[in-house]
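J.: Please see the structure below; I have some questions.
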Amino acid sequence: MMRVAAILALATMPALAQEGPQMDVGYDDGFLSACLDRAAGDKGAGATADDLRICIGTAAQDCMARPGGDTTVGMSGCLGRETGEWDMLLNAWYDRALTQAEAADAELDRLGSAAAPAAPVLRDAQRHWIAFRDASCTFESVRWQGGTAGGPASMQCMLELTAEQALRLRAVAETP
């Protein structure tokens with residue numbers, strides 16, 4: 001019975017990550033963007049994923065240090081809110097990378113190139129990545145055998161994998 005409840009709870013995680021927590025956990029909506037700005041420094045758009053990686057999890061950690069953030073529900077809420085922010089960045093950078101790939105594909109087609117189009121490969125890779133992320137993070141929860149730490153462990157996984165993929169897509173989108 002506990003496994004069924006855990007599986008049902010996990011089925012709603014992507015929505016939870018995008019919609020945020022069900023309670024006010026004191027998450028600072030400006031924390032992540034300020035961290036990214038500081039990490040980029042004077043490099044701006046030229047900042048690398050390595051420059052920005054330092055920001056992964058910092059907004060959630062700040063949130064979890066606030067009253068209520070150290071509970072299981074609070075931790076999941078904090079992690080979910082930051083995941084939602086990374087997810088918005090991921091989608092923006094994916095859209096930009098896909099638009100660029102489609103434009104390059106059209107140009108190569110116009111020139112009569114025999115090169116394989118990139119846009120369908122990017123689209124397929126992103127779909128496979130989503131399946132990988134979801135399965136990996138489900139595993140993180142299941143490892144806890146129904147214990148209360150399973151939710152935060154799964155949300156931490158969602159945060160880390162989403163942020164890493166966002167930074168990967170940023171690098172693609174920012175490459176001329």
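Starting from 1 in every chain, residues are counted up; chains themselves are A, B, ... following the order of the structure tokens, and ligands are numbered from 1 as listed.
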Check which residues of stretch 53-144 of chain A sit at most 10 Å from stretch 161-173 of chain A using only C-alpha atoms, and return one row each with the closest pair of atoms and their distance in Å to one decimal, ordered by chain and rising number, as CSV.

T.:
```
residue,atom,partner,partner_atom,distance
A:Arg53,CA,A:Glu164,CA,7.6
A:Cys55,CA,A:Ala163,CA,9.2
A:Ile56,CA,A:Ala163,CA,6.4
A:Gly57,CA,A:Ala163,CA,8.8
A:Glu82,CA,A:Ala163,CA,9.1
A:Thr83,CA,A:Thr162,CA,6.8
A:Gly84,CA,A:Thr162,CA,9.0
A:Glu85,CA,A:Ala163,CA,9.0
A:Trp86,CA,A:Ala163,CA,5.4
A:Asp87,CA,A:Thr162,CA,6.3
A:Met88,CA,A:Ala166,CA,8.8
A:Leu89,CA,A:Ala166,CA,6.3
A:Leu90,CA,A:Ala166,CA,4.1
A:Asn91,CA,A:Ala166,CA,7.7
A:Ala92,CA,A:Arg170,CA,8.7
A:Trp93,CA,A:Arg170,CA,5.2
A:Tyr94,CA,A:Leu169,CA,5.8
A:Asp95,CA,A:Ala173,CA,8.5
A:Arg96,CA,A:Ala173,CA,5.7
A:Ala97,CA,A:Ala173,CA,4.4
A:Leu98,CA,A:Ala173,CA,8.2
A:Thr99,CA,A:Ala173,CA,9.0
A:Gln100,CA,A:Ala173,CA,7.4
A:Ala101,CA,A:Ala173,CA,9.2
A:Leu122,CA,A:Leu169,CA,9.9
A:Gln126,CA,A:Gln165,CA,9.1
A:Trp129,CA,A:Gln165,CA,8.4
A:Ile130,CA,A:Thr162,CA,9.0
A:Phe132,CA,A:Leu161,CA,9.5
A:Arg133,CA,A:Leu161,CA,6.5
A:Asp134,CA,A:Leu161,CA,9.5
A:Ser136,CA,A:Leu161,CA,9.1
A:Cys137,CA,A:Leu161,CA,8.8
```

J.: Give me, as a ChimeraX atom specification, the residues of stretch 65-156 of chain A that a backbone DSSP run labels alpha helix (DSSP H).

T.: /A:72-110,119-142,150-156

J.: Can you list, as an MDAnalysis selection string, every protein, DNA or RNA residue that comes within 12 Å of A:Thr71 when you count only C-alpha atoms, leaving out same-chain residues fewer than 6 positions away?

T.: chainID A and resid 23 25 63:65 77:79 148:149 151:152

J.: What does the file look like for those residues with C-alpha atoms, as an mmCIF file, in the first residue's frame?

T.:
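As written to disk, result.cif reads:
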```
data_model
loop_
_atom_site.group_PDB
_atom_site.id
_atom_site.type_symbol
_atom_site.label_atom_id
_atom_site.label_comp_id
_atom_site.auth_asym_id
_atom_site.auth_seq_id
_atom_site.Cartn_x
_atom_site.Cartn_y
_atom_site.Cartn_z
ATOM 1 C CA MET A 23 2.345 25.981 1.413
ATOM 2 C CA VAL A 25 7.765 28.273 2.554
ATOM 3 C CA CYS A 63 14.508 28.666 1.630
ATOM 4 C CA MET A 64 15.121 25.571 3.764
ATOM 5 C CA ALA A 65 17.019 27.710 6.284
ATOM 6 C CA GLY A 77 8.341 22.996 -1.392
ATOM 7 C CA CYS A 78 11.671 24.824 -1.466
ATOM 8 C CA LEU A 79 13.202 22.306 -3.856
ATOM 9 C CA THR A 148 9.497 10.551 4.462
ATOM 10 C CA ALA A 149 12.935 11.438 3.062
ATOM 11 C CA GLY A 151 9.998 13.091 -1.321
ATOM 12 C CA PRO A 152 12.832 15.545 -0.683
#
```

J.: Atom CA of A:Ala39 and atom CA of A:Gln156 are how many Å apart?

T.: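 Spanning atom CA of A:Ala39 to atom CA of A:Gln156 is a straight-line distance of 21.3 Å.
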
J.: Would you work out the distance separating atom CA of A:Glu160 from atom CA of A:Asp42, expressed in Å to one decimal?

T.: 25.3 Å

J.: Interatomic distance between atom CA of A:Arg127 and atom CA of A:Leu36?

T.: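 Computed distance, atom CA of A:Arg127 to atom CA of A:Leu36, equals 26.2 Å.
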
J.: Pick out the closest residue to A:Asp28 from this set: A:Ala59, A:Ala135, A:Ala119, A:Met75. Count only C-alpha atoms.

T.: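 Of A:Ala59, A:Ala135, A:Ala119, A:Met75, the one nearest A:Asp28, counting only C-alpha atoms, is A:Ala59.
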
J.: Using only C-alpha atoms, which residue out of A:Gly26, A:Asp37, A:Asp50, A:Gly80 lies closest to A:Pro67?

T.: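 Selected residue with least distance to A:Pro67: A:Gly26.
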